[in-house]
Amino acid sequence: MTGTLTDLDRTLINRLQDDLPLTARPFQSLAEEFGMDEDALVDRIRQLRDDGILTRFGPFFDAEALGGAFCLCAMAVPSERFDEVLTKVNAHAEVAHNYERTHKLNMWFVLATESPSAIQETTAIIERETGLKVLQFPKEREFFIGFRVNA
């Protein structure tokens with residue numbers, strides 16, 4: 001892929017942000033919506049991911065409802081080390097997403113862990129690996145904002 005999205009890609013990306021059909025073969029149902037073969041649809045999603053257009057594709061679980069925990073974290077990362085630290089932080093499966101901000105605290109990420117104590121364990125590992133302090137901002141209350149990005 002050249003990095004240019006087709007109309008099908010845009011429509012597919014927008015559709016993937018909605019609930020998938022709750023069937024034994026959700027991609028088959030989705031492929032029928034698009035008038036295409038299930039294998040072709042799965043291959044297209046895989047290609048969008050391989051090309052870096054989709055950075056994450058999968059379910060979003062409520063870690064707290066499953067006994068786990070969420071925590072918003074921030075770091076002050078020297079600009080010359082940003083990519084290096086980003087790679088180290090994102091290597092952790094517990095990192096749900098990571099984004100850069102133009103602020104002293106320029107790296108923000110969310111940890112989703114299997115237990116509340118794993119928040120402390122994961123941040124300690126990240127601090128050891130990067131030599132930088134991880135600030136934790138635990139959730140005080142839940143907001144559902146219905147975040148979508150139109151392709």
# chains A, B, ... in the order shown; residues from 1 in each chain; ligands from 1

call {"tool": "residues_around", "arguments": {"residues": "A:Pro59", "least_positions_apart": "2", "cutoff": "12 Å", "atoms": "only C-alpha atoms", "output": "short mmCIF file (atom, residue, chain, number, x, y, z; two decimals) with C-alpha atoms, in the first residue's frame"}}
result
data_model
loop_
_atom_site.label_atom_id
_atom_site.label_comp_id
_atom_site.auth_asym_id
_atom_site.auth_seq_id
_atom_site.Cartn_x
_atom_site.Cartn_y
_atom_site.Cartn_z
CA LEU A 16 -14.73 -1.02 12.20
CA GLN A 17 -15.19 1.64 14.88
CA ASP A 18 -18.77 0.45 15.38
CA ASP A 19 -19.75 -2.80 17.00
CA LEU A 20 -18.99 -5.87 14.95
CA ARG A 56 -4.60 -1.39 16.85
CA PHE A 57 -7.51 -3.58 15.97
CA PHE A 61 -12.35 -4.71 27.51
CA ASP A 62 -13.27 -2.99 30.75
CA ALA A 63 -10.25 -4.08 32.77
CA ALA A 96 -3.46 0.53 25.72
#

call {"tool": "select_by_dssp", "arguments": {"residues": "stretch 106-137 of chain A", "states": "helix (DSSP H, G or I)", "output": "list in words"}}
result
Pro116, Ser117, Ala118, Ile119, Gln120, Glu121, Thr122, Thr123, Ala124, Ile125, Ile126, Glu127, Arg128, Glu129 and Thr130 of chain A

call {"tool": "closest_residue", "arguments": {"among": "A:Cys71, A:Leu12, A:Val110, A:Ala93", "to": "A:Phe34", "atoms": "only C-alpha atoms"}}
result
A:Leu12

call {"tool": "closest_residue", "arguments": {"among": "A:Thr6, A:Asn14, A:Asn106, A:Thr122", "to": "A:Ala74", "atoms": "only C-alpha atoms"}}
result
A:Asn106

call {"tool": "residues_around", "arguments": {"residues": "A:Glu129", "least_positions_apart": "2", "cutoff": "9 Å", "atoms": "only C-alpha atoms", "output": "VMD selection string"}}
result
chain A and resid 85 88 to 89 124 to 127 131 to 132

call {"tool": "write_last_selection", "arguments": {"atoms": "N, CA and C atoms", "output": "short mmCIF file (atom, residue, chain, number, x, y, z; two decimals), in the first residue's frame"}}
result
data_model
loop_
_atom_site.label_atom_id
_atom_site.label_comp_id
_atom_site.auth_asym_id
_atom_site.auth_seq_id
_atom_site.Cartn_x
_atom_site.Cartn_y
_atom_site.Cartn_z
N VAL A 85 12.22 6.02 23.86
CA VAL A 85 11.35 5.77 25.01
C VAL A 85 9.99 5.27 24.54
N LYS A 88 10.19 1.61 23.89
CA LYS A 88 10.26 0.83 25.14
C LYS A 88 8.91 0.78 25.84
N VAL A 89 8.23 1.91 25.90
CA VAL A 89 6.92 1.95 26.57
C VAL A 89 5.91 1.10 25.80
N ALA A 124 7.05 0.67 37.38
CA ALA A 124 8.41 0.48 37.90
C ALA A 124 9.33 -0.09 36.83
N ILE A 125 8.83 -1.04 36.04
CA ILE A 125 9.63 -1.62 34.96
C ILE A 125 9.95 -0.56 33.91
N ILE A 126 8.95 0.23 33.53
CA ILE A 126 9.17 1.28 32.54
C ILE A 126 10.19 2.29 33.05
N GLU A 127 10.10 2.64 34.32
CA GLU A 127 11.08 3.57 34.90
C GLU A 127 12.49 2.98 34.86
N GLY A 131 14.86 5.00 32.65
CA GLY A 131 15.54 5.93 33.54
C GLY A 131 14.74 7.21 33.78
N LEU A 132 13.45 7.17 33.44
CA LEU A 132 12.58 8.35 33.59
C LEU A 132 11.41 8.03 34.52
#

call {"tool": "closest_residue", "arguments": {"among": "A:Leu111, A:Gly68, A:Cys73, A:Gln28", "to": "A:Ala40", "atoms": "only C-alpha atoms"}}
result
A:Gln28
